[in-house]
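Listing of target_3.csv, CSV, C-alpha atoms
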chain,number,residue,atom,x,y,z
C,11,MET,CA,26.8,3.9,-58.7
C,12,LYS,CA,27.9,2.3,-55.4
C,13,ARG,CA,25.9,-0.6,-54.2
C,14,LEU,CA,24.7,-1.2,-50.7
C,15,GLY,CA,23.7,-4.4,-48.9
C,16,ILE,CA,21.5,-3.8,-45.9
C,17,LEU,CA,21.2,-6.4,-43.2
C,18,ILE,CA,18.1,-6.4,-41.0
C,19,SER,CA,16.3,-8.4,-38.4
C,20,GLY,CA,13.3,-6.2,-37.6
C,21,ARG,CA,11.4,-3.2,-38.7
C,22,GLY,CA,14.4,-1.8,-40.6
C,23,SER,CA,13.7,1.9,-39.9
C,24,ASN,CA,17.3,2.7,-40.8
C,25,LEU,CA,16.8,0.8,-44.0
C,26,GLU,CA,13.8,2.9,-44.8
C,27,ALA,CA,15.7,6.1,-44.0
C,28,ILE,CA,18.6,5.1,-46.3
C,29,ALA,CA,16.1,4.3,-49.1
C,30,GLY,CA,14.4,7.7,-48.4
C,31,HIS,CA,17.7,9.5,-48.7
C,32,ILE,CA,18.5,7.8,-52.0
C,33,GLU,CA,15.1,8.6,-53.4
C,34,ALA,CA,15.4,12.2,-52.3
C,35,GLY,CA,18.8,12.4,-54.0
C,36,SER,CA,20.7,13.2,-50.8
C,37,LEU,CA,22.6,9.9,-50.9
C,38,ASP,CA,24.2,8.8,-54.2
C,39,ALA,CA,24.0,5.0,-54.0
C,40,GLU,CA,21.6,2.2,-54.6
C,41,ILE,CA,20.4,-0.6,-52.5
C,42,ALA,CA,21.5,-3.8,-54.2
C,43,ILE,CA,20.0,-6.2,-51.7
C,44,VAL,CA,18.2,-6.3,-48.4
C,45,ILE,CA,19.0,-9.4,-46.4
C,46,SER,CA,17.0,-10.5,-43.3
C,47,ASN,CA,18.0,-13.3,-40.9
C,48,ARG,CA,14.4,-13.5,-39.8
C,49,PRO,CA,11.5,-14.5,-42.1
C,50,ASP,CA,9.1,-12.3,-40.2
C,51,ALA,CA,11.1,-9.1,-40.2
C,52,ARG,CA,8.8,-6.2,-40.9
C,53,GLY,CA,11.6,-4.5,-42.9
C,54,LEU,CA,11.3,-7.2,-45.5
C,55,ALA,CA,7.8,-6.2,-46.4
C,56,ILE,CA,8.7,-2.5,-46.3
C,57,ALA,CA,11.6,-3.3,-48.7
C,58,ARG,CA,9.4,-5.2,-51.1
C,59,GLN,CA,6.8,-2.4,-51.1
C,60,ARG,CA,9.7,-0.1,-52.2
C,61,GLY,CA,10.6,-2.5,-55.0
C,62,LEU,CA,13.9,-3.4,-53.4
C,63,PRO,CA,15.4,-6.8,-53.9
C,64,THR,CA,15.2,-8.9,-50.7
C,65,VAL,CA,16.5,-12.2,-49.5
C,66,CYS,CA,15.8,-14.0,-46.3
C,67,ILE,CA,18.5,-16.3,-44.9
C,68,PRO,CA,17.0,-17.7,-41.7
C,69,SER,CA,19.7,-18.0,-39.0
C,70,LYS,CA,17.7,-19.8,-36.3
C,71,GLY,CA,19.7,-22.9,-35.3
C,72,MET,CA,22.4,-22.3,-37.9
C,73,ASP,CA,26.1,-22.3,-37.2
C,74,ARG,CA,27.2,-18.6,-37.2
C,75,GLU,CA,29.9,-19.0,-39.9
C,76,ALA,CA,27.8,-21.3,-42.1
C,77,HIS,CA,25.1,-18.7,-42.0
C,78,ASP,CA,27.6,-15.9,-42.7
C,79,ARG,CA,28.9,-17.8,-45.7
C,80,LEU,CA,25.4,-17.8,-47.2
C,81,THR,CA,25.1,-14.1,-46.4
C,82,PHE,CA,28.5,-13.3,-48.0
C,83,ALA,CA,27.6,-15.3,-51.2
C,84,THR,CA,24.4,-13.3,-51.5
C,85,LEU,CA,26.3,-10.0,-51.0
C,86,GLN,CA,28.8,-11.0,-53.7
C,87,ASN,CA,26.0,-12.1,-56.1
C,88,HIS,CA,24.6,-8.6,-55.8
C,89,GLN,CA,28.0,-6.9,-56.2
C,90,VAL,CA,27.7,-5.0,-52.9
C,91,ASP,CA,30.4,-2.3,-52.2
C,92,LEU,CA,29.3,-1.6,-48.6
C,93,VAL,CA,27.3,-3.5,-46.1
C,94,CYS,CA,25.1,-1.6,-43.7
C,95,LEU,CA,23.8,-3.3,-40.6
C,96,ALA,CA,20.3,-1.8,-39.8
C,97,GLY,CA,19.1,-3.5,-36.6
C,98,TYR,CA,20.8,-6.8,-37.5
C,99,MET,CA,20.4,-8.7,-34.3
C,100,ARG,CA,23.1,-11.2,-34.9
C,101,LEU,CA,26.9,-11.1,-34.2
C,102,LEU,CA,28.9,-11.5,-37.4
C,103,SER,CA,31.5,-14.2,-37.5
C,104,PRO,CA,35.2,-13.2,-37.6
C,105,TRP,CA,35.3,-15.0,-41.0
C,106,LEU,CA,32.7,-12.6,-42.5
C,107,ILE,CA,34.4,-9.5,-41.0
C,108,GLN,CA,37.7,-10.6,-42.5
C,109,GLN,CA,36.1,-10.9,-46.0
C,110,LEU,CA,34.9,-7.3,-45.8
C,111,PRO,CA,37.5,-5.3,-44.0
C,112,GLN,CA,36.2,-1.7,-43.4
C,113,ARG,CA,33.3,-2.5,-45.7
C,114,ILE,CA,30.7,-3.1,-42.9
C,115,LEU,CA,29.0,-0.3,-41.1
C,116,ASN,CA,26.8,-0.4,-38.0
C,117,ILE,CA,24.7,2.2,-36.2
C,118,HIS,CA,24.3,2.0,-32.5
C,119,PRO,CA,22.0,4.1,-30.3
C,120,SER,CA,24.6,5.5,-27.9
C,121,LEU,CA,27.8,7.5,-27.9
C,122,LEU,CA,30.2,4.6,-28.0
C,123,PRO,CA,32.2,3.4,-26.1
C,124,ALA,CA,29.4,4.1,-23.6
C,125,PHE,CA,26.6,1.6,-23.4
C,126,PRO,CA,27.4,-1.1,-26.0
C,127,GLY,CA,25.1,-4.0,-26.4
C,128,LEU,CA,21.4,-4.3,-26.1
C,129,GLU,CA,19.0,-1.7,-24.8
C,130,ALA,CA,21.5,1.1,-25.0
C,131,GLN,CA,18.8,3.7,-24.4
C,132,ARG,CA,17.7,2.0,-21.3
C,133,GLN,CA,21.3,1.7,-20.1
C,134,ALA,CA,21.8,5.4,-20.7
C,135,ILE,CA,18.7,6.4,-18.7
C,136,GLU,CA,19.5,4.0,-15.9
C,137,TYR,CA,23.1,5.3,-15.7
C,138,GLY,CA,21.7,8.8,-15.4
C,139,VAL,CA,23.6,10.5,-18.3
C,140,LYS,CA,22.4,13.9,-19.4
C,141,VAL,CA,23.8,13.5,-22.9
C,142,THR,CA,23.6,10.5,-25.2
C,143,GLY,CA,23.6,10.0,-28.9
C,144,CYS,CA,24.3,7.6,-31.7
C,145,THR,CA,27.3,6.2,-33.4
C,146,VAL,CA,28.1,4.9,-36.9
C,147,HIS,CA,31.2,2.7,-36.8
C,148,PHE,CA,33.0,0.2,-38.9
C,149,VAL,CA,32.3,-3.3,-37.7
C,150,ASP,CA,35.3,-5.2,-36.3
C,151,GLU,CA,35.5,-8.5,-34.3
C,152,HIS,CA,34.4,-6.9,-31.0
C,153,LEU,CA,30.8,-5.9,-30.2
C,154,ASP,CA,30.0,-2.2,-31.0
C,155,HIS,CA,33.7,-1.5,-31.1
C,156,GLY,CA,35.3,-0.6,-34.5
C,157,PRO,CA,36.5,2.8,-35.7
C,158,ILE,CA,33.9,5.5,-35.4
C,159,VAL,CA,32.8,7.2,-38.6
C,160,ALA,CA,30.3,9.7,-37.1
C,161,GLN,CA,28.5,10.5,-33.9
C,162,THR,CA,25.9,12.9,-32.8
C,163,ALA,CA,24.7,13.9,-29.4
C,164,ILE,CA,21.3,14.7,-27.9
C,165,ALA,CA,20.1,15.6,-24.4
C,166,VAL,CA,18.5,13.1,-22.2
C,167,GLU,CA,15.5,14.7,-20.5
C,168,ASP,CA,14.4,14.0,-16.9
C,169,THR,CA,11.1,12.8,-18.3
C,170,ASP,CA,12.6,10.4,-20.8
C,171,THR,CA,11.7,6.8,-21.0
C,172,PRO,CA,13.6,4.3,-23.1
C,173,GLU,CA,10.8,4.7,-25.6
C,174,THR,CA,10.8,8.5,-25.9
C,175,LEU,CA,14.6,8.6,-26.0
C,176,SER,CA,14.7,5.9,-28.7
C,177,ALA,CA,12.2,7.8,-30.8
C,178,ARG,CA,14.3,11.0,-30.6
C,179,LEU,CA,17.5,9.1,-31.3
C,180,LEU,CA,16.0,7.4,-34.3
C,181,ARG,CA,15.5,10.7,-36.0
C,182,GLU,CA,19.2,11.5,-35.5
C,183,GLU,CA,20.2,8.0,-36.6
C,184,HIS,CA,18.3,8.3,-39.9
C,185,ARG,CA,20.3,11.5,-40.7
C,186,LEU,CA,23.6,10.4,-39.4
C,187,TYR,CA,23.7,7.0,-41.1
C,188,ALA,CA,23.1,8.5,-44.5
C,189,GLU,CA,25.9,11.1,-43.9
C,190,ALA,CA,28.3,8.4,-42.7
C,191,ILE,CA,27.5,6.1,-45.7
C,192,ALA,CA,28.1,9.0,-48.1
C,193,LEU,CA,31.5,9.7,-46.5
C,194,VAL,CA,32.6,6.0,-46.6
C,195,LEU,CA,31.4,5.6,-50.2
C,196,SER,CA,33.3,8.8,-51.2
C,197,GLY,CA,36.5,7.2,-49.9
C,198,ARG,CA,37.6,10.6,-48.6
C,199,TYR,CA,38.9,9.4,-45.2
C,200,ARG,CA,41.8,7.5,-43.8
C,201,ILE,CA,42.1,5.5,-40.6
C,202,GLU,CA,44.9,6.2,-38.2
C,203,GLY,CA,44.8,3.8,-35.2
C,204,ARG,CA,41.2,3.9,-34.4
C,205,ARG,CA,40.6,7.4,-35.8
C,206,VAL,CA,38.6,8.0,-38.9
C,207,ILE,CA,40.0,11.2,-40.4
C,208,ARG,CA,38.5,13.1,-43.4
C,209,THR,CA,40.9,13.8,-46.2
M,30,MET,CA,24.8,32.3,1.7
M,31,LYS,CA,25.9,28.8,0.9
M,32,ARG,CA,29.6,28.0,1.6
M,33,LEU,CA,31.8,26.2,-0.8
M,34,GLY,CA,35.0,24.3,-0.1
M,35,ILE,CA,37.2,23.9,-3.1
M,36,LEU,CA,39.9,21.1,-3.3
M,37,ILE,CA,42.7,21.6,-5.7
M,38,SER,CA,46.1,20.1,-6.6
M,39,GLY,CA,47.2,22.2,-9.5
M,40,ARG,CA,46.4,25.4,-11.4
M,41,GLY,CA,42.8,25.4,-10.2
M,42,SER,CA,41.2,26.8,-13.4
M,43,ASN,CA,37.8,25.6,-12.3
M,44,LEU,CA,38.4,27.3,-8.9
M,45,GLU,CA,39.0,30.5,-10.8
M,46,ALA,CA,35.9,30.0,-12.9
M,47,ILE,CA,33.8,29.4,-9.8
M,48,ALA,CA,35.2,32.5,-8.2
M,49,GLY,CA,34.5,34.5,-11.4
M,50,HIS,CA,30.9,33.4,-11.5
M,51,ILE,CA,30.4,34.4,-7.8
M,52,GLU,CA,32.0,37.8,-8.5
M,53,ALA,CA,29.9,38.3,-11.5
M,54,GLY,CA,26.7,37.5,-9.5
M,55,SER,CA,25.9,34.4,-11.6
M,56,LEU,CA,26.5,32.0,-8.8
M,57,ASP,CA,25.0,32.8,-5.4
M,58,ALA,CA,27.5,31.3,-3.0
M,59,GLU,CA,30.8,32.1,-1.3
M,60,ILE,CA,34.1,30.2,-1.3
M,61,ALA,CA,34.7,29.5,2.4
M,62,ILE,CA,38.0,27.7,1.9
M,63,VAL,CA,40.4,26.5,-0.8
M,64,ILE,CA,42.4,23.4,0.2
M,65,SER,CA,45.4,22.1,-1.7
M,66,ASN,CA,47.1,18.8,-1.1
M,67,ARG,CA,50.2,20.2,-2.8
M,68,PRO,CA,52.2,23.2,-1.4
M,69,ASP,CA,53.2,24.2,-4.9
M,70,ALA,CA,49.7,24.3,-6.5
M,71,ARG,CA,49.5,27.3,-8.6
M,72,GLY,CA,45.8,27.6,-7.7
M,73,LEU,CA,46.9,28.5,-4.1
M,74,ALA,CA,48.6,31.7,-5.3
M,75,ILE,CA,45.6,32.5,-7.5
M,76,ALA,CA,43.2,32.0,-4.6
M,77,ARG,CA,45.3,34.3,-2.3
M,78,GLN,CA,45.4,37.0,-5.0
M,79,ARG,CA,41.6,36.9,-5.0
M,80,GLY,CA,41.6,37.2,-1.2
M,81,LEU,CA,40.2,33.7,-0.7
M,82,PRO,CA,41.1,31.8,2.4
M,83,THR,CA,43.5,29.0,1.6
M,84,VAL,CA,45.0,26.0,3.5
M,85,CYS,CA,47.6,23.5,2.3
M,86,ILE,CA,47.4,20.0,3.8
M,87,PRO,CA,50.3,18.2,2.1
M,88,SER,CA,49.3,14.6,1.3
M,89,LYS,CA,52.7,13.3,0.1
M,90,GLY,CA,53.5,10.1,2.1
M,91,MET,CA,50.4,10.5,4.3
M,92,ASP,CA,47.9,7.7,4.9
M,93,ARG,CA,44.8,8.5,2.8
M,94,GLU,CA,42.3,8.5,5.6
M,95,ALA,CA,44.5,10.3,8.0
M,96,HIS,CA,44.9,13.1,5.4
M,97,ASP,CA,41.2,13.1,4.7
M,98,ARG,CA,40.5,13.5,8.4
M,99,LEU,CA,42.5,16.7,8.4
M,100,THR,CA,40.8,17.9,5.3
M,101,PHE,CA,37.4,17.1,6.8
M,102,ALA,CA,38.2,19.0,10.0
M,103,THR,CA,39.3,22.0,7.9
M,104,LEU,CA,36.0,21.9,5.9
M,105,GLN,CA,34.0,21.7,9.1
M,106,ASN,CA,35.9,24.6,10.6
M,107,HIS,CA,34.9,26.7,7.6
M,108,GLN,CA,31.3,25.5,7.8
M,109,VAL,CA,31.3,24.3,4.2
M,110,ASP,CA,28.0,23.3,2.7
M,111,LEU,CA,29.3,21.7,-0.5
M,112,VAL,CA,32.7,20.5,-1.5
M,113,CYS,CA,33.9,21.0,-5.1
M,114,LEU,CA,36.8,19.0,-6.5
M,115,ALA,CA,38.7,21.2,-9.0
M,116,GLY,CA,41.6,19.1,-10.4
M,117,TYR,CA,42.1,17.4,-7.0
M,118,MET,CA,44.5,14.6,-8.0
M,119,ARG,CA,43.9,12.4,-5.1
M,120,LEU,CA,41.3,9.7,-4.5
M,121,LEU,CA,39.1,10.4,-1.5
M,122,SER,CA,38.8,7.8,1.2
M,123,PRO,CA,35.5,6.0,1.7
M,124,TRP,CA,35.6,7.5,5.2
M,125,LEU,CA,35.5,11.1,3.8
M,126,ILE,CA,32.9,10.3,1.3
M,127,GLN,CA,30.7,8.8,4.0
M,128,GLN,CA,31.0,12.0,6.0
M,129,LEU,CA,29.7,14.1,3.1
M,130,PRO,CA,27.0,12.1,1.3
M,131,GLN,CA,26.0,13.9,-1.9
M,132,ARG,CA,27.9,16.9,-0.7
M,133,ILE,CA,31.0,16.4,-2.9
M,134,LEU,CA,31.0,17.3,-6.6
M,135,ASN,CA,33.6,16.5,-9.2
M,136,ILE,CA,34.1,17.7,-12.8
M,137,HIS,CA,35.6,15.3,-15.3
M,138,PRO,CA,36.6,16.1,-18.9
M,139,SER,CA,34.7,13.4,-20.7
M,140,LEU,CA,31.1,12.2,-21.1
M,141,LEU,CA,31.1,9.6,-18.3
M,142,PRO,CA,30.9,6.7,-18.2
M,143,ALA,CA,33.3,7.0,-21.2
M,144,PHE,CA,36.9,7.6,-20.4
M,145,PRO,CA,37.2,7.8,-16.7
M,146,GLY,CA,40.6,8.3,-15.0
M,147,LEU,CA,43.6,10.3,-16.2
M,148,GLU,CA,44.0,11.9,-19.5
M,149,ALA,CA,40.4,11.6,-20.6
M,150,GLN,CA,41.0,14.0,-23.5
M,151,ARG,CA,43.8,11.8,-24.8
M,152,GLN,CA,41.7,8.7,-24.3
M,153,ALA,CA,38.9,10.2,-26.3
M,154,ILE,CA,41.1,11.2,-29.2
M,155,GLU,CA,42.8,7.8,-29.3
M,156,TYR,CA,39.5,6.0,-29.2
M,157,GLY,CA,38.4,8.1,-32.2
M,158,VAL,CA,35.2,9.5,-30.8
M,159,LYS,CA,33.6,12.4,-32.7
M,160,VAL,CA,31.8,13.7,-29.7
M,161,THR,CA,33.1,14.2,-26.2
M,162,GLY,CA,32.3,16.5,-23.3
M,163,CYS,CA,32.4,17.1,-19.6
M,164,THR,CA,30.5,15.8,-16.6
M,165,VAL,CA,29.7,17.1,-13.2
M,166,HIS,CA,28.9,14.3,-10.8
M,167,PHE,CA,28.5,13.5,-7.1
M,168,VAL,CA,31.5,11.7,-5.8
M,169,ASP,CA,31.0,8.2,-4.6
M,170,GLU,CA,33.4,5.5,-3.6
M,171,HIS,CA,34.3,4.6,-7.2
M,172,LEU,CA,36.4,6.6,-9.5
M,173,ASP,CA,34.5,9.1,-11.7
M,174,HIS,CA,31.3,7.2,-11.0
M,175,GLY,CA,28.7,8.9,-8.9
M,176,PRO,CA,25.3,10.2,-10.0
M,177,ILE,CA,25.6,12.7,-12.8
M,178,VAL,CA,24.4,16.3,-12.2
M,179,ALA,CA,25.2,17.8,-15.6
M,180,GLN,CA,26.9,17.1,-18.9
M,181,THR,CA,27.6,19.0,-22.0
M,182,ALA,CA,28.9,17.7,-25.3
M,183,ILE,CA,31.4,19.1,-27.9
M,184,ALA,CA,32.7,17.9,-31.2
M,185,VAL,CA,36.1,16.4,-31.5
M,186,GLU,CA,37.8,17.7,-34.7
M,187,ASP,CA,40.1,15.7,-36.9
M,188,THR,CA,42.9,18.2,-36.1
M,189,ASP,CA,42.4,18.0,-32.3
M,190,THR,CA,45.3,17.2,-30.0
M,191,PRO,CA,44.8,16.5,-26.3
M,192,GLU,CA,45.9,20.1,-25.7
M,193,THR,CA,43.4,21.8,-28.2
M,194,LEU,CA,40.6,19.5,-27.0
M,195,SER,CA,41.4,20.2,-23.3
M,196,ALA,CA,41.3,24.0,-24.0
M,197,ARG,CA,37.9,23.8,-25.7
M,198,LEU,CA,36.5,21.5,-22.9
M,199,LEU,CA,37.8,23.8,-20.2
M,200,ARG,CA,35.6,26.7,-21.4
M,201,GLU,CA,32.6,24.3,-21.2
M,202,GLU,CA,33.7,23.0,-17.8
M,203,HIS,CA,33.8,26.5,-16.4
M,204,ARG,CA,30.2,27.2,-17.4
M,205,LEU,CA,28.9,23.7,-16.5
M,206,TYR,CA,30.4,23.5,-13.1
M,207,ALA,CA,28.8,26.8,-12.0
M,208,GLU,CA,25.5,25.7,-13.3
M,209,ALA,CA,25.7,22.3,-11.5
M,210,ILE,CA,26.8,23.9,-8.2
M,211,ALA,CA,23.9,26.3,-8.4
M,212,LEU,CA,21.5,23.4,-9.0
M,213,VAL,CA,22.9,21.4,-6.1
M,214,LEU,CA,22.9,24.4,-3.7
M,215,SER,CA,19.3,25.1,-4.6
M,216,GLY,CA,18.3,21.6,-3.5
M,217,ARG,CA,15.8,21.5,-6.4
M,218,TYR,CA,16.6,17.9,-7.4
M,219,ARG,CA,16.1,14.4,-6.2
M,220,ILE,CA,18.1,11.2,-6.9
M,221,GLU,CA,16.4,8.1,-8.2
M,222,GLY,CA,18.8,5.2,-8.5
M,223,ARG,CA,21.6,6.9,-10.3
M,224,ARG,CA,19.5,9.6,-11.9
M,225,VAL,CA,19.6,13.3,-10.7
M,226,ILE,CA,16.2,14.7,-11.5
M,227,ARG,CA,15.2,18.3,-11.2
M,228,THR,CA,12.2,19.1,-9.1
Would you mind writing the file out in structure tokens?
Amino acid sequence: MKRLGILISGRGSNLEAIAGHIEAGSLDAEIAIVISNRPDARGLAIARQRGLPTVCIPSKGMDREAHDRLTFATLQNHQVDLVCLAGYMRLLSPWLIQQLPQRILNIHPSLLPAFPGLEAQRQAIEYGVKVTGCTVHFVDEHLDHGPIVAQTAIAVEDTDTPETLSARLLREEHRLYAEAIALVLSGRYRIEGRRVIRT
Amino acid sequence: MKRLGILISGRGSNLEAIAGHIEAGSLDAEIAIVISNRPDARGLAIARQRGLPTVCIPSKGMDREAHDRLTFATLQNHQVDLVCLAGYMRLLSPWLIQQLPQRILNIHPSLLPAFPGLEAQRQAIEYGVKVTGCTVHFVDEHLDHGPIVAQTAIAVEDTDTPETLSARLLREEHRLYAEAIALVLSGRYRIEGRRVIRT
């Protein structure tokens, strides 16, 4: 059974979706550890309610790499095969990324390379796009940049606000992330340049 | 009947699609003039075969604004209501864009703001996106940048080449451009910031 480490900072809705897919039998994996960099992350309580092991490694005021070394040690202690960022609001250090090449996934609420960074839904609405979506990608040393594992598109409606768009995207994110995790855990892909190609 | 001016540089497949939609009665407009900046554009022959009025205004070696003044005079002579770029491989001068505010449309084979510029399909494949699409937008003074009228998304397959992706996108472009032209001609929209909102 492949073991996931989930990194959160907030409510962890993608964490909850991953746990739900595992419970429902649609994702063959287990959550080995949930790590939050914020003590007050609501996702920590949700994880505990589900009986998932949790650790908080507060990052406030800590040097990035020093914090990431604690995170990495925790991931190793729990024998994690794949790390999934789920609303983890902290850039990873190059050091941590080098320890886990192509072993860290992130989900972002836009069709990358459009609208990287914070408030992607608001960026999309303000730019006036008619189509947006979400992206699961490997994490590399640049923000919201690594090879793309999966994407899905949805329409932006004239009446959308960042809130309504975020809510519709979240439903897609919850499905897409589980699919992308399953693909990566299966190992049935290769990377050519930036392209993730199924094998 | 609203009058279209179509600007081409090459085969003019979107010109042909617009003409087809008009013939089929699915777009209520007429093509008042087809202007090519290249004497050898295959779209000129196609337009003539369809009995459409054509003009060639060669741009090679000409100052951009001087060329655009000739183009504008030709559009005025033919009482054009809306200008549609259809593979027009020349940047418009700020002067021309100012003469025709929100009266020039362009179609681009990506989901803007991703992959502006040349070879958008190749850019998309090399970036490794799983979703791309096409965009109809008002032309402003920046490349592939103005307010977006319509977009549609398609999947990028692992086996896609720039050629296969371009072919699938073209089918979507032909439908999308006609829909976007109809919306703009109807006047049933307003622009808020960068957002084109139907009214």
Test item: residues at most 7 Å from Lys31 (chain M), all atoms listed in the file, excluding those fewer than 5 positions along its chain, as a PyMOL selection string: chain M and resi 58-59+110
Protein, DNA and RNA residues within 12 Å of (18.8, 6.6, -16.9), all atoms listed in the file, as a PyMOL selection string: (chain C and resi 125+129-142+165-173+175) or (chain M and resi 176-177+220-226)
Quick one: residues within 6 Å of Asn47 (chain C), all atoms listed in the file, excluding same-chain residues fewer than 2 positions away - as a PyMOL selection string? chain C and resi 19+66-69
Within 9 Å of (34.5, 25.0, 5.1) in the file's own coordinates, which protein, DNA or RNA residues have an atom, counting all atoms listed in the file? List them as a count of residues only. 20
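Closest to Gly35 (chain C) among C:Gly197, C:Ala188, C:His77, C:Lys70 is C:Ala188, based on all atoms listed in the file.
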With all atoms listed in the file as the basis for distance, which of C:Arg48, C:His147, C:Arg185, C:Arg178 is at the shortest distance from chain M?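 Distance minimum relative to chain M lands on C:His147.
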Restricting to all atoms listed in the file, whichever of C:Ser46, C:Asn24, C:Thr145, C:Gln108 is closest to chain M is C:Thr145
In Å, with one decimal, what is the gap from CA of Gly162 (chain M) to CA of Glu208 (chain M)?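 Computing it gives 15.2 Å between the two atoms.
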For each of C:Leu102, C:Ile18, C:Ala177, C:Leu25, take the minimum atom-to-atom distance to Pro49 (chain C), counting all atoms listed in the file, then give the residue where this is smallest. C:Ile18
Mind pulling up the distance from CA of Leu121 (chain C) to CA of Met118 (chain M)?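 According to the coordinates, CA of Met118 (chain M) and CA of Leu121 (chain C) are separated by 26.9 Å.
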Interatomic distance (Å, one decimal) between CA of Gly53 (chain C) and CA of Pro119 (chain C): 18.5 Å
Please list as a ChimeraX atom specification every residue within 9 Å of Trp105 (chain C), counting all atoms listed in the file and excluding residues in the same chain fewer than 6 positions away. /C:75,78-79
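Take the candidates M:Met30, M:Leu114, M:Leu172, M:Ala182 and check each one against chain C using all atoms listed in the file; the shortest distance goes to M:Ala182.
Omitting Val168 (chain M) and its sequence neighbours fewer than 6 positions away, and counting all atoms listed in the file, the residues within 8 Å are M:Ile126, M:Gln131, M:Ile133, M:Leu134, M:Asn135, M:His174, M:Gly175, M:Pro176.
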May I have the residues from that selection written out with C-alpha atoms, as a short mmCIF file (atom, residue, chain, number, x, y, z; two decimals), in the frame of the given file?
data_model
loop_
_atom_site.label_atom_id
_atom_site.label_comp_id
_atom_site.auth_asym_id
_atom_site.auth_seq_id
_atom_site.Cartn_x
_atom_site.Cartn_y
_atom_site.Cartn_z
CA ILE M 126 32.90 10.30 1.30
CA GLN M 131 26.00 13.90 -1.90
CA ILE M 133 31.00 16.40 -2.90
CA LEU M 134 31.00 17.30 -6.60
CA ASN M 135 33.60 16.50 -9.20
CA HIS M 174 31.30 7.20 -11.00
CA GLY M 175 28.70 8.90 -8.90
CA PRO M 176 25.30 10.20 -10.00
#
Counting only C-alpha atoms, the residue of M:Thr193, M:Gln180, M:Ser122, M:Gln78 that sits nearest chain C: M:Gln180
Quick one: region 53-57 of chain C with all heavy atoms, as an mmCIF file, in the coordinates of the input?
data_model
loop_
_atom_site.group_PDB
_atom_site.id
_atom_site.type_symbol
_atom_site.label_atom_id
_atom_site.label_comp_id
_atom_site.auth_asym_id
_atom_site.auth_seq_id
_atom_site.Cartn_x
_atom_site.Cartn_y
_atom_site.Cartn_z
ATOM 1 N N GLY C 53 10.796 -5.261 -41.857
ATOM 2 C CA GLY C 53 11.600 -4.500 -42.900
ATOM 3 C C GLY C 53 11.565 -5.214 -44.225
ATOM 4 O O GLY C 53 11.709 -4.550 -45.252
ATOM 5 N N LEU C 54 11.383 -6.536 -44.248
ATOM 6 C CA LEU C 54 11.300 -7.200 -45.500
ATOM 7 C C LEU C 54 10.108 -6.775 -46.343
ATOM 8 O O LEU C 54 10.226 -6.515 -47.549
ATOM 9 C CB LEU C 54 11.203 -8.763 -45.298
ATOM 10 C CG LEU C 54 12.496 -9.529 -45.029
ATOM 11 C CD1 LEU C 54 12.183 -10.995 -44.767
ATOM 12 C CD2 LEU C 54 13.469 -9.379 -46.204
ATOM 13 N N ALA C 55 8.983 -6.659 -45.669
ATOM 14 C CA ALA C 55 7.800 -6.200 -46.400
ATOM 15 C C ALA C 55 7.938 -4.771 -46.845
ATOM 16 O O ALA C 55 7.553 -4.412 -47.973
ATOM 17 C CB ALA C 55 6.562 -6.334 -45.436
ATOM 18 N N ILE C 56 8.531 -3.950 -45.982
ATOM 19 C CA ILE C 56 8.700 -2.500 -46.300
ATOM 20 C C ILE C 56 9.654 -2.454 -47.568
ATOM 21 O O ILE C 56 9.410 -1.672 -48.495
ATOM 22 C CB ILE C 56 9.328 -1.781 -45.131
ATOM 23 C CG1 ILE C 56 8.249 -1.670 -44.045
ATOM 24 C CG2 ILE C 56 9.845 -0.406 -45.541
ATOM 25 C CD1 ILE C 56 8.781 -1.199 -42.701
ATOM 26 N N ALA C 57 10.713 -3.275 -47.577
ATOM 27 C CA ALA C 57 11.600 -3.300 -48.700
ATOM 28 C C ALA C 57 10.931 -3.668 -49.993
ATOM 29 O O ALA C 57 11.096 -3.039 -51.045
ATOM 30 C CB ALA C 57 12.827 -4.187 -48.422
#
